[in-house]
Structures are given as C-alpha cells and as structure tokens.
>>> print(open('start04.txt').read())   # compact mmCIF, C-alpha atoms and all ligand atoms
# COMPACT_ATOMS: atom_id res chain seq x y z
CA MET D 1 0.00 0.00 0.00
CA SER D 2 2.60 2.49 1.13
CA LYS D 3 4.88 1.43 -1.63
CA HIS D 4 2.11 2.04 -4.11
CA ARG D 5 1.53 5.53 -2.71
CA VAL D 6 5.17 6.48 -2.96
CA SER D 7 5.37 5.37 -6.50
CA ARG D 8 2.25 7.33 -7.36
CA ARG D 9 3.75 10.42 -5.78
CA GLN D 10 6.92 9.87 -7.70
CA PHE D 11 4.89 9.46 -10.82
CA LEU D 12 3.15 12.74 -10.13
CA ASN D 13 6.43 14.42 -9.37
CA TYR D 14 7.86 13.30 -12.63
CA THR D 15 4.87 14.33 -14.64
CA LEU D 16 4.57 17.68 -12.92
CA THR D 17 8.22 18.42 -13.40
CA GLY D 18 7.73 17.52 -17.01
CA VAL D 19 4.75 19.82 -17.34
CA GLY D 20 6.54 22.55 -15.46
CA GLY D 21 9.47 22.20 -17.79
CA PHE D 22 7.21 22.56 -20.77
CA MET D 23 5.56 25.55 -19.22
CA ALA D 24 8.88 27.17 -18.49
CA ALA D 25 10.02 26.57 -22.03
CA GLY D 26 6.73 27.98 -23.30
CA MET D 27 7.25 31.12 -21.27
CA LEU D 28 10.89 31.47 -22.09
CA MET D 29 10.57 31.19 -25.83
CA PRO D 30 8.45 34.26 -26.40
CA MET D 31 10.52 36.18 -23.88
CA VAL D 32 13.69 35.41 -25.76
CA ARG D 33 11.96 36.30 -28.98
CA PHE D 34 10.71 39.59 -27.58
CA ALA D 35 14.14 40.41 -26.28
CA VAL D 36 15.89 39.65 -29.54
CA ASP D 37 13.32 40.80 -32.04
CA PRO D 38 13.82 44.57 -31.85
CA VAL D 39 17.52 44.11 -32.40
CA LEU D 40 16.99 41.97 -35.44
CA LYS D 41 14.50 44.33 -36.97
CA ALA D 42 15.79 46.86 -39.41
CA ASN D 43 16.66 50.05 -37.61
CA ALA D 44 14.30 52.81 -38.68
CA ALA D 45 16.34 55.49 -36.90
CA GLY D 46 18.13 56.65 -40.02
CA ASP D 47 14.89 57.63 -41.67
CA PHE D 48 13.74 61.16 -42.18
CA THR D 49 10.24 62.29 -41.36
CA ALA D 50 8.32 64.89 -43.29
CA THR D 51 7.23 67.94 -41.35
CA LYS D 52 4.38 70.16 -42.47
CA LEU D 53 6.79 73.02 -42.95
CA LYS D 54 7.66 74.50 -46.33
CA VAL D 55 11.29 75.52 -46.53
CA ASP D 56 10.33 78.86 -48.05
CA ASP D 57 8.24 79.65 -45.00
CA ILE D 58 11.11 79.26 -42.57
CA THR D 59 12.13 82.61 -41.14
CA LYS D 60 14.91 83.80 -38.90
CA GLU D 61 12.61 83.48 -35.91
CA PRO D 62 12.65 79.99 -34.34
CA GLU D 63 9.33 78.29 -34.93
CA ARG D 64 7.95 75.24 -33.20
CA VAL D 65 7.44 72.31 -35.54
CA ASP D 66 5.82 69.04 -34.52
CA PHE D 67 6.30 65.92 -36.54
CA THR D 68 4.98 62.44 -35.95
CA PHE D 69 6.40 59.07 -36.84
CA ASP D 70 6.00 55.46 -35.84
CA GLN D 71 8.47 54.27 -33.32
CA LYS D 72 9.20 50.70 -32.42
CA ASP D 73 10.01 50.68 -28.76
CA ALA D 74 11.06 47.12 -28.05
CA TRP D 75 8.10 45.14 -29.41
CA TYR D 76 5.66 47.91 -28.86
CA GLU D 77 4.90 50.16 -31.77
CA SER D 78 3.57 53.60 -31.17
CA GLU D 79 3.17 56.98 -32.71
CA VAL D 80 5.63 59.49 -31.38
CA THR D 81 5.43 63.22 -31.79
CA ASN D 82 8.67 65.12 -31.71
CA THR D 83 9.19 68.81 -31.66
CA ALA D 84 11.89 70.92 -33.23
CA TRP D 85 12.70 74.60 -33.14
CA VAL D 86 13.39 75.57 -36.73
CA TYR D 87 14.81 78.77 -38.21
CA LYS D 88 17.28 80.10 -40.75
CA ASN D 89 20.52 81.45 -39.36
CA GLU D 90 22.35 84.55 -40.58
CA GLU D 91 23.92 82.58 -43.42
CA GLY D 92 20.48 81.42 -44.49
CA GLN D 93 21.09 77.84 -43.40
CA ILE D 94 18.31 75.88 -41.78
CA VAL D 95 18.79 75.04 -38.11
CA ALA D 96 16.51 72.52 -36.36
CA LEU D 97 17.14 72.25 -32.64
CA SER D 98 15.83 69.64 -30.24
CA PRO D 99 13.75 71.11 -27.42
CA VAL D 100 15.03 68.62 -24.87
CA CYS D 101 17.03 70.37 -22.17
CA LYS D 102 20.52 68.95 -21.79
CA HIS D 103 20.31 69.27 -18.03
CA LEU D 104 17.58 66.82 -17.05
CA GLY D 105 15.37 66.64 -20.08
CA CYS D 106 12.58 69.17 -19.66
CA VAL D 107 11.21 70.86 -22.77
CA VAL D 108 12.66 74.26 -23.60
CA ALA D 109 10.88 76.99 -25.51
CA TRP D 110 11.96 80.05 -27.46
CA ASN D 111 11.61 83.46 -25.95
CA THR D 112 9.36 82.52 -23.05
CA ASP D 113 11.31 84.14 -20.23
CA LYS D 114 10.73 87.87 -20.14
CA LYS D 115 14.07 88.50 -18.50
CA ASN D 116 15.90 86.62 -21.23
CA PRO D 117 14.50 87.59 -24.60
CA ASN D 118 15.68 85.76 -27.71
CA ARG D 119 16.96 82.76 -25.88
CA PHE D 120 15.68 79.26 -25.31
CA PHE D 121 14.40 78.91 -21.78
CA CYS D 122 13.94 75.81 -19.65
CA PRO D 123 11.28 76.31 -16.97
CA CYS D 124 12.53 73.51 -14.73
CA HIS D 125 15.74 74.98 -13.36
CA PHE D 126 15.85 78.13 -15.48
CA GLY D 127 18.36 76.82 -18.00
CA LEU D 128 19.14 79.11 -20.93
CA TYR D 129 20.46 78.60 -24.45
CA GLU D 130 21.44 81.07 -27.13
CA LYS D 131 19.62 81.07 -30.42
CA ASP D 132 22.26 78.80 -31.96
CA GLY D 133 21.67 76.25 -29.19
CA ALA D 134 24.75 77.08 -27.11
CA ASN D 135 24.11 76.67 -23.39
CA VAL D 136 24.50 79.86 -21.39
CA PRO D 137 27.23 79.42 -18.78
CA GLY D 138 26.04 79.80 -15.23
CA THR D 139 22.74 78.05 -15.92
CA PRO D 140 22.38 74.31 -15.20
CA PRO D 141 22.77 72.84 -18.72
CA LEU D 142 26.32 71.80 -19.55
CA ALA D 143 25.94 71.13 -23.25
CA ARG D 144 24.34 72.69 -26.26
CA LEU D 145 20.97 71.60 -27.54
CA ASP D 146 20.95 68.61 -29.87
CA GLU D 147 20.35 69.23 -33.50
CA TYR D 148 18.20 67.39 -36.02
CA PRO D 149 19.78 66.51 -39.32
CA TYR D 150 17.50 67.67 -42.12
CA LYS D 151 16.73 67.10 -45.76
CA VAL D 152 14.70 69.10 -48.19
CA LYS D 153 12.45 67.30 -50.64
CA ASP D 154 9.91 69.02 -52.88
CA GLY D 155 10.29 72.17 -50.82
CA ILE D 156 9.30 70.38 -47.62
CA LEU D 157 11.49 70.05 -44.56
CA TYR D 158 12.32 66.50 -43.43
CA LEU D 159 13.92 65.85 -40.07
CA GLY D 160 16.00 62.92 -38.87
CA LYS D 161 16.99 61.83 -35.43
CA ALA D 162 18.35 64.49 -33.07
CA LYS D 163 22.09 64.27 -32.45
CA PRO D 164 24.50 66.10 -30.19
CA ARG D 165 26.48 68.64 -32.13
CA LYS D 166 30.06 67.75 -32.73
CA GLU D 167 31.72 71.11 -32.63
CA ALA D 168 31.72 72.97 -29.32
CA MET E 1 10.60 61.32 -14.53
CA LYS E 2 8.37 58.35 -14.55
CA TRP E 3 8.03 55.61 -12.01
CA ILE E 4 10.20 53.22 -13.99
CA SER E 5 13.61 51.91 -13.06
CA THR E 6 15.65 53.84 -15.64
CA ASP E 7 14.07 57.15 -14.67
CA ILE E 8 14.43 56.44 -10.99
CA GLU E 9 18.10 55.75 -11.53
CA MET E 10 18.36 59.18 -13.09
CA TYR E 11 16.39 60.59 -10.17
CA LEU E 12 18.77 59.12 -7.63
CA LYS E 13 21.63 60.95 -9.32
CA ALA E 14 19.82 64.27 -9.54
CA ALA E 15 17.44 64.20 -6.60
CA GLU E 16 18.30 67.74 -5.54
CA TYR E 17 16.75 69.04 -8.75
CA VAL E 18 13.48 67.18 -8.36
CA ASP E 19 11.04 68.68 -5.91
CA THR E 20 7.61 68.03 -7.38
CA ALA E 21 5.41 64.95 -7.51
CA ILE E 22 2.50 64.41 -9.87
CA ILE E 23 -0.16 62.02 -8.62
CA PRO E 24 -3.05 61.20 -10.94
CA LEU E 25 -6.29 60.37 -9.13
CA PHE E 26 -8.35 57.78 -10.99
CA PRO E 27 -12.01 57.20 -10.15
CA VAL E 28 -13.34 53.68 -10.64
CA ALA E 29 -17.02 52.82 -10.76
CA PHE E 30 -18.92 49.85 -12.06
CA GLY E 31 -22.37 49.57 -13.55
CA ASP E 32 -23.66 52.87 -14.86
CA GLY E 33 -20.53 54.76 -13.91
CA MET E 34 -18.15 52.46 -15.72
CA LYS E 35 -17.94 54.32 -19.00
CA GLU E 36 -17.58 57.71 -17.45
CA SER E 37 -15.00 56.75 -14.88
CA SER E 38 -12.88 54.92 -17.44
CA ALA E 39 -12.96 57.98 -19.71
CA LYS E 40 -11.87 60.18 -16.83
CA THR E 41 -9.10 57.81 -15.90
CA GLU E 42 -7.87 57.61 -19.47
CA PHE E 43 -7.94 61.34 -19.98
CA SER E 44 -6.17 62.35 -16.80
CA GLY E 45 -3.66 59.56 -17.31
CA LEU E 46 -2.71 60.83 -20.77
CA LEU E 47 -2.61 64.39 -19.53
CA SER E 48 -0.29 63.45 -16.69
CA GLY E 49 1.98 61.71 -19.17
CA LEU E 50 2.19 64.84 -21.30
CA LEU E 51 3.04 67.01 -18.32
CA GLU E 52 5.73 64.58 -17.29
CA ARG E 53 7.23 64.88 -20.73
CA GLN E 54 7.34 68.67 -20.47
CA PHE E 55 8.81 68.81 -17.00
CA ARG E 56 10.60 65.54 -16.63
CA GLY E 57 13.70 67.05 -15.05
CA ARG E 58 11.86 68.44 -12.09
CA VAL E 59 8.89 66.16 -11.49
CA ILE E 60 8.24 62.54 -10.68
CA LEU E 61 5.05 61.12 -12.10
CA LEU E 62 3.88 58.60 -9.53
CA PRO E 63 1.63 55.69 -10.39
CA GLY E 64 -1.95 56.94 -10.37
CA ILE E 65 -4.13 56.13 -7.42
CA PRO E 66 -7.40 54.37 -8.21
CA TYR E 67 -10.27 54.75 -5.78
CA LEU E 68 -13.87 53.68 -5.78
CA ASN E 69 -16.33 56.43 -6.51
CA GLY E 70 -17.53 57.79 -3.23
CA SER E 71 -14.43 56.85 -1.26
CA GLU E 72 -12.71 60.19 -1.76
CA ASP E 73 -12.90 61.09 1.90
CA SER E 74 -11.00 58.08 3.09
CA LEU E 75 -8.47 58.63 0.31
CA ILE E 76 -7.81 62.13 1.63
CA LEU E 77 -6.48 60.61 4.84
CA GLN E 78 -4.14 58.40 2.86
CA LEU E 79 -2.97 61.30 0.76
CA GLU E 80 -1.92 63.13 3.90
CA GLU E 81 0.34 60.16 4.61
CA TRP E 82 1.66 60.28 1.04
CA GLU E 83 2.43 63.95 1.27
CA LYS E 84 4.35 63.42 4.49
CA VAL E 85 6.47 60.66 3.01
CA LEU E 86 7.06 62.58 -0.22
CA ALA E 87 8.11 65.70 1.66
CA GLU E 88 10.61 63.69 3.65
CA GLY E 89 11.99 62.48 0.33
CA GLY E 90 12.46 66.06 -0.87
CA LEU E 91 9.30 66.23 -2.98
CA LYS E 92 7.92 69.25 -1.25
CA HIS E 93 5.27 69.94 -3.79
CA VAL E 94 2.48 67.67 -4.98
CA PHE E 95 0.16 68.15 -7.93
CA TYR E 96 -2.93 65.99 -8.10
CA ILE E 97 -4.31 65.55 -11.58
CA THR E 98 -7.83 64.33 -12.03
CA SER E 99 -10.93 64.62 -14.17
CA ASP E 100 -13.20 63.79 -11.27
CA ILE E 101 -15.12 66.91 -10.26
CA GLY E 102 -15.65 65.37 -6.84
CA TRP E 103 -12.23 66.66 -5.83
CA LYS E 104 -13.10 70.27 -6.51
CA GLN E 105 -15.16 70.57 -3.33
CA ARG E 106 -12.43 68.83 -1.35
CA GLU E 107 -9.63 70.95 -2.72
CA SER E 108 -9.02 72.85 0.49
CA ARG E 109 -8.46 69.62 2.38
CA LEU E 110 -5.58 68.59 0.13
CA GLY E 111 -2.07 69.66 1.02
CA GLY E 112 -0.94 69.70 -2.60
CA SER E 113 -2.40 71.56 -5.56
CA LEU E 114 -5.39 70.15 -7.35
CA LEU E 115 -5.39 70.31 -11.13
CA TRP E 116 -8.83 69.42 -12.35
CA MET E 117 -9.56 69.09 -16.05
CA PRO E 118 -12.86 67.88 -17.46
CA SER E 119 -12.32 64.81 -19.60
CA LEU E 120 -13.02 65.34 -23.27
CA PRO E 121 -14.44 62.57 -25.42
CA LEU E 122 -11.36 61.02 -26.99
CA GLU E 123 -12.95 57.78 -28.12
CA HIS E 124 -13.88 58.88 -31.62
CA MET E 125 -10.76 60.89 -32.37
CA ASP E 126 -7.79 59.81 -34.43
CA GLU E 127 -4.32 59.91 -32.90
CA ALA E 128 -3.46 63.34 -34.26
CA SER E 129 -6.54 65.16 -33.01
CA LYS E 130 -6.29 63.34 -29.69
CA MET E 131 -2.77 64.64 -29.29
CA SER E 132 -3.67 68.19 -30.17
CA VAL E 133 -6.65 68.21 -27.78
CA LEU E 134 -4.49 66.87 -24.99
CA GLU E 135 -1.72 69.32 -25.73
CA ASP E 136 -4.12 72.22 -25.57
CA GLN E 137 -5.25 71.08 -22.16
CA ALA E 138 -1.70 70.48 -20.96
CA LYS E 139 -0.76 73.97 -22.10
CA GLN E 140 -3.37 75.39 -19.79
CA LEU E 141 -1.86 73.56 -16.85
CA MET E 142 1.80 74.24 -17.58
CA PRO E 143 1.87 77.83 -16.29
CA LEU E 144 0.58 76.55 -12.96
CA PHE E 145 3.75 74.52 -12.56
CA ALA E 146 5.95 77.41 -13.56
CA ARG E 147 4.17 79.70 -11.12
CA LYS E 148 4.51 77.23 -8.27
CA TRP E 149 8.22 76.93 -8.94
CA GLU E 150 8.70 80.65 -9.03
CA GLU E 151 7.07 80.78 -5.62
CA LEU E 152 9.23 77.99 -4.30
CA ASP E 153 12.43 79.39 -5.70
CA GLY E 154 11.61 82.95 -4.81
CA VAL E 155 12.44 84.24 -8.27
S1 LIG B 1 16.08 70.41 -16.94
FE1 LIG B 1 16.44 72.25 -18.01
S2 LIG B 1 17.48 73.43 -16.54
FE2 LIG B 1 17.18 71.56 -15.50
>>> encode(input="start04.txt", output="structure tokens", more="lines below")
Ligand code: FES
Amino acid sequence: MSKHRVSRRQFLNYTLTGVGGFMAAGMLMPMVRFAVDPVLKANAAGDFTATKLKVDDITKEPERVDFTFDQKDAWYESEVTNTAWVYKNEEGQIVALSPVCKHLGCVVAWNTDKKNPNRFFCPCHFGLYEKDGANVPGTPPLARLDEYPYKVKDGILYLGKAKPRKEA
Amino acid sequence: MKWISTDIEMYLKAAEYVDTAIIPLFPVAFGDGMKESSAKTEFSGLLSGLLERQFRGRVILLPGIPYLNGSEDSLILQLEEWEKVLAEGGLKHVFYITSDIGWKQRESRLGGSLLWMPSLPLEHMDEASKMSVLEDQAKQLMPLFARKWEELDGV
C-alpha cells in the first residue's frame, strides 16, 4: 500500500516536473523572442520624417514644428510626436534644434522668459540657451541643444533623429 | 521622470533638482458609472503623461491612485500620509491631476495643488486630433507649474 503511494507520488512528481518544464520553455521562448526581435529588426532610426513646414516659410525666428512618426520601442509600436525649433541662421542655413534640455530633459521653448529675450528657456531649473543652441554658462545645462539633421524634398522640410552637435 | 527603473536611476543621481510629484487620481465605478470613470481615468492619465514629458527634469510622475467612486474622503487621509512621506523624500510639492469633479469641493483639504480638467471625449478621435486636444489642455496647466516653482524658488 505504502509502496504504491510512494510510487504514485513519484509518478506525479515526474509528470509535474515535465509539465513545469514545458511551461517554463513555453514562457521562455516568447521572452527570448521579444528580447531579440527589436535588435533583429531593421533600424528605422536613419529615416527622415516629413514635417508640415515649407522651406520657403522658414524665417529667422525659431518656430515650433511638430512631426509624428512610428516608433518601435522594443516590441511595442507607437506613434511618437517630436518637436523641433526651426529657423534660418544669418547665413540662411536651416537650423533645427531639439527642445530637450541637456540638463535633465525638460522641454525648452523660445523666448518665453521675459528676463531673457531671444533665448531658449527651460522652466525647470531656469536653464538658458542662445539662439544657436549654445548653453548659457552659469545656468544648469552643460551642453548645447541637440540638432536634427535635415533634408529638403519638394520644398518640404524632413527631419532625422536628433544628435548632439560635434563642434563645441 | 516616470516611475520606472531607468528614470528612478536618473532621479537618484539628480534628486536635488526634483522637488515636485504628480499624482493622478483615478475614479473607478462599475455599472452605470463604468464608462464615465474609465474615460476620466484615461484622460487624466494621458494628460499626466504629457506634463511629465514637459517637466521631466523636475517632477516625478507617480503611479496613479485608483479609488472607488464615493471613497474620496477616506483617500484624503491616505494622501496626507503620502504627502508626508514625499516631503521627507524632498518632494515638497504635490500636484494631483484628475478629471473627477468630486475633488473640486475637497480641494481645500488637500495639502498639494489640485489640477482638475474635465475629460473630453477622446474615443472617436484619431491619434493626431487626440494629441492636439491633450496638448491644448496640458498647455493650460503648464503655467501653474511654472508659477509654483517661481514661488518655491523665490524668483
Ligand atoms: S532640466 Fe532644463 S534646466 Fe534643468
């Protein structure tokens, strides 16, 4: 009797371990796939996104431009809206600056602080940047604003992925 | 910063710059109230996310607090506890974000600031119009943060 019970328990143990093993494998497989998938997928980061801005309409005054693209964040795909501050500099070249403060990542805006006209202002810790994106010494940010690479196609401005500027 | 491990890591390195907590308050009701309370929860959740994105260097967006419709009064007692703990952690200012009008009449009993925004019907909008509606609402709330900080910093 007791021998029979032990062997039944063993039998159950074996089967359950077996099932558990299957279950673990079943859980692991998708996890590994999820973890690897985004890496294997073609990287869309190099792509340029069309803005609604006509190049001819760009002035010397920085203007806020929103543009939306699909982003694959791990295995989750979503629509992301980015913002750029766009203007033409004295040489007539287009400049598209990222609004993300280099201090701790708040969103900066052009000309919003009355005491500091014609600068980018960060409301979080009162960071300041010159029009060309250079951080104003003495305010918290330690680097200049990132810049978007751009392309012009059919008179429309296309923006890429914001990058830190190489030159100081 | 959001309540996720990467952001909290950043927080731990820069805690002295972060002094504000955002706590969304989410009403939950079943039966007749289900549709309305889910819309309110969705709306204030999205709005909180947008504000976090604007001010991420100075705020922590805490996980929203769900409560059953009608249990606001007992939640107030808990929120007092929250505020105490947050203040000890250097988050001396708290913004509550909700679409539940029930908080309006309880505003004076909250230590933090109440930001109430009526929820707009998002269910039939496409992504783009949803975003622009939400941004318009967020823009109305943003100056309130700036003003609070000016007060706190004595600028
Ligand atoms: S995040 Fe911009 S100054 Fe701190």
>>> atom_distance(input="start04.txt", atom1="atom CA of Val133 of chain E", atom2="atom CA of Ser99 of chain E")
14.7 Å
>>> residues_near_ligand(input="start04.txt", ligand="ligand LIG 1 (chain B)", cutoff="12 Å", atoms="all atoms listed in the file", output="number ranges by chain")
D: 99-109, 120-129, 135-145; E: 1, 11, 14-19, 52-59
>>> closest_residue(input="start04.txt", among="E:Leu77, E:Arg109, E:Asp126, E:Thr20", to="Lys148 of chain E", atoms="all atoms listed in the file")
E:Thr20
>>> residues_around(input="start04.txt", residues="Ser44 of chain E", least_positions_apart="6", cutoff="7 Å", atoms="only C-alpha atoms", output="compact mmCIF listing (two decimals) with C-alpha atoms, in the coordinates of the input")
# COMPACT_ATOMS: atom_id res chain seq x y z
CA PRO E 24 -3.05 61.20 -10.94
CA ILE E 97 -4.31 65.55 -11.58
CA THR E 98 -7.83 64.33 -12.03
CA SER E 99 -10.93 64.62 -14.17
>>> residues_around(input="start04.txt", residues="Thr49 of chain D", least_positions_apart="5", cutoff="7 Å", atoms="all atoms listed in the file", output="VMD selection string")
chain D and resid 69 158 to 160
>>> atom_distance(input="start04.txt", atom1="atom CA of Leu51 of chain E", atom2="atom CA of Ala146 of chain E")
11.8 Å
>>> residues_around(input="start04.txt", residues="Met131 of chain E", least_positions_apart="5", cutoff="10 Å", atoms="only C-alpha atoms", output="list in words")
Thr81 of chain D; Leu46, Leu47, Leu50, Leu122, Met125, Asp126, Asp136 and Gln137 of chain E
>>> atom_distance(input="start04.txt", atom1="atom CA of Thr112 of chain D", atom2="atom CA of Tyr148 of chain D")
21.8 Å
>>> closest_residue(input="start04.txt", among="D:Asp113, D:Gly133, D:Lys54, D:Val95", to="chain E", atoms="only C-alpha atoms")
D:Asp113
>>> closest_residue(input="start04.txt", among="E:Ala39, E:Met117, E:Leu110, E:Ile60", to="Leu12 of chain E", atoms="only C-alpha atoms")
E:Ile60
>>> residues_around(input="start04.txt", residues="Glu123 of chain E", least_positions_apart="6", cutoff="12 Å", atoms="only C-alpha atoms", output="VMD selection string")
chain E and resid 35 to 36 38 to 40 42 to 43 129 to 130
>>> write_last_selection(input="start04.txt", atoms="C-alpha atoms", output="PDB file, keeping the file's coordinate frame")
ATOM      1  CA  LYS E  35     -17.940  54.320 -19.000  1.00  0.00           C
ATOM      2  CA  GLU E  36     -17.580  57.710 -17.450  1.00  0.00           C
ATOM      3  CA  SER E  38     -12.880  54.920 -17.440  1.00  0.00           C
ATOM      4  CA  ALA E  39     -12.960  57.980 -19.710  1.00  0.00           C
ATOM      5  CA  LYS E  40     -11.870  60.180 -16.830  1.00  0.00           C
ATOM      6  CA  GLU E  42      -7.870  57.610 -19.470  1.00  0.00           C
ATOM      7  CA  PHE E  43      -7.940  61.340 -19.980  1.00  0.00           C
ATOM      8  CA  SER E 129      -6.540  65.160 -33.010  1.00  0.00           C
ATOM      9  CA  LYS E 130      -6.290  63.340 -29.690  1.00  0.00           C
TER      10      LYS E 130
END
>>> residues_around(input="start04.txt", residues="Glu72 of chain E", least_positions_apart="6", cutoff="9 Å", atoms="all atoms listed in the file", output="PyMOL selection string")
chain E and resi 27+102-103+106
>>> closest_residue(input="start04.txt", among="D:Asp70, D:Asp132, D:Glu77, D:Asp57", to="Asn89 of chain D", atoms="all atoms listed in the file")
D:Asp132
>>> decode(input="start04.txt", residues="segment 91-155 of chain D", atoms="C-alpha atoms", output="PDB file, in the first residue's frame")
ATOM      1  CA  GLU D  91      23.924  82.582 -43.423  1.00  0.00           C
ATOM      2  CA  GLY D  92      20.477  81.422 -44.492  1.00  0.00           C
ATOM      3  CA  GLN D  93      21.088  77.839 -43.396  1.00  0.00           C
ATOM      4  CA  ILE D  94      18.310  75.881 -41.783  1.00  0.00           C
ATOM      5  CA  VAL D  95      18.787  75.036 -38.114  1.00  0.00           C
ATOM      6  CA  ALA D  96      16.508  72.524 -36.359  1.00  0.00           C
ATOM      7  CA  LEU D  97      17.136  72.245 -32.638  1.00  0.00           C
ATOM      8  CA  SER D  98      15.829  69.637 -30.241  1.00  0.00           C
ATOM      9  CA  PRO D  99      13.750  71.112 -27.420  1.00  0.00           C
ATOM     10  CA  VAL D 100      15.032  68.618 -24.872  1.00  0.00           C
ATOM     11  CA  CYS D 101      17.033  70.372 -22.169  1.00  0.00           C
ATOM     12  CA  LYS D 102      20.521  68.950 -21.789  1.00  0.00           C
ATOM     13  CA  HIS D 103      20.307  69.269 -18.032  1.00  0.00           C
ATOM     14  CA  LEU D 104      17.584  66.819 -17.047  1.00  0.00           C
ATOM     15  CA  GLY D 105      15.368  66.640 -20.079  1.00  0.00           C
ATOM     16  CA  CYS D 106      12.582  69.170 -19.660  1.00  0.00           C
ATOM     17  CA  VAL D 107      11.208  70.864 -22.770  1.00  0.00           C
ATOM     18  CA  VAL D 108      12.664  74.255 -23.597  1.00  0.00           C
ATOM     19  CA  ALA D 109      10.884  76.988 -25.513  1.00  0.00           C
ATOM     20  CA  TRP D 110      11.959  80.049 -27.464  1.00  0.00           C
ATOM     21  CA  ASN D 111      11.605  83.458 -25.947  1.00  0.00           C
ATOM     22  CA  THR D 112       9.359  82.517 -23.049  1.00  0.00           C
ATOM     23  CA  ASP D 113      11.308  84.138 -20.230  1.00  0.00           C
ATOM     24  CA  LYS D 114      10.727  87.870 -20.137  1.00  0.00           C
ATOM     25  CA  LYS D 115      14.069  88.496 -18.496  1.00  0.00           C
ATOM     26  CA  ASN D 116      15.901  86.621 -21.230  1.00  0.00           C
ATOM     27  CA  PRO D 117      14.503  87.592 -24.604  1.00  0.00           C
ATOM     28  CA  ASN D 118      15.679  85.760 -27.707  1.00  0.00           C
ATOM     29  CA  ARG D 119      16.964  82.760 -25.882  1.00  0.00           C
ATOM     30  CA  PHE D 120      15.677  79.264 -25.306  1.00  0.00           C
ATOM     31  CA  PHE D 121      14.396  78.911 -21.775  1.00  0.00           C
ATOM     32  CA  CYS D 122      13.939  75.811 -19.648  1.00  0.00           C
ATOM     33  CA  PRO D 123      11.280  76.314 -16.971  1.00  0.00           C
ATOM     34  CA  CYS D 124      12.529  73.507 -14.732  1.00  0.00           C
ATOM     35  CA  HIS D 125      15.736  74.976 -13.363  1.00  0.00           C
ATOM     36  CA  PHE D 126      15.854  78.125 -15.482  1.00  0.00           C
ATOM     37  CA  GLY D 127      18.356  76.817 -17.998  1.00  0.00           C
ATOM     38  CA  LEU D 128      19.144  79.110 -20.926  1.00  0.00           C
ATOM     39  CA  TYR D 129      20.458  78.600 -24.448  1.00  0.00           C
ATOM     40  CA  GLU D 130      21.440  81.071 -27.125  1.00  0.00           C
ATOM     41  CA  LYS D 131      19.624  81.072 -30.419  1.00  0.00           C
ATOM     42  CA  ASP D 132      22.255  78.800 -31.963  1.00  0.00           C
ATOM     43  CA  GLY D 133      21.668  76.253 -29.189  1.00  0.00           C
ATOM     44  CA  ALA D 134      24.749  77.079 -27.109  1.00  0.00           C
ATOM     45  CA  ASN D 135      24.110  76.674 -23.385  1.00  0.00           C
ATOM     46  CA  VAL D 136      24.496  79.858 -21.394  1.00  0.00           C
ATOM     47  CA  PRO D 137      27.233  79.420 -18.784  1.00  0.00           C
ATOM     48  CA  GLY D 138      26.044  79.801 -15.231  1.00  0.00           C
ATOM     49  CA  THR D 139      22.742  78.047 -15.920  1.00  0.00           C
ATOM     50  CA  PRO D 140      22.383  74.313 -15.200  1.00  0.00           C
ATOM     51  CA  PRO D 141      22.769  72.839 -18.723  1.00  0.00           C
ATOM     52  CA  LEU D 142      26.321  71.799 -19.546  1.00  0.00           C
ATOM     53  CA  ALA D 143      25.940  71.130 -23.249  1.00  0.00           C
ATOM     54  CA  ARG D 144      24.342  72.689 -26.263  1.00  0.00           C
ATOM     55  CA  LEU D 145      20.966  71.600 -27.542  1.00  0.00           C
ATOM     56  CA  ASP D 146      20.954  68.607 -29.866  1.00  0.00           C
ATOM     57  CA  GLU D 147      20.350  69.231 -33.505  1.00  0.00           C
ATOM     58  CA  TYR D 148      18.198  67.387 -36.020  1.00  0.00           C
ATOM     59  CA  PRO D 149      19.779  66.513 -39.323  1.00  0.00           C
ATOM     60  CA  TYR D 150      17.505  67.671 -42.120  1.00  0.00           C
ATOM     61  CA  LYS D 151      16.733  67.098 -45.761  1.00  0.00           C
ATOM     62  CA  VAL D 152      14.701  69.102 -48.187  1.00  0.00           C
ATOM     63  CA  LYS D 153      12.451  67.298 -50.636  1.00  0.00           C
ATOM     64  CA  ASP D 154       9.910  69.024 -52.875  1.00  0.00           C
ATOM     65  CA  GLY D 155      10.294  72.166 -50.818  1.00  0.00           C
TER      66      GLY D 155
END
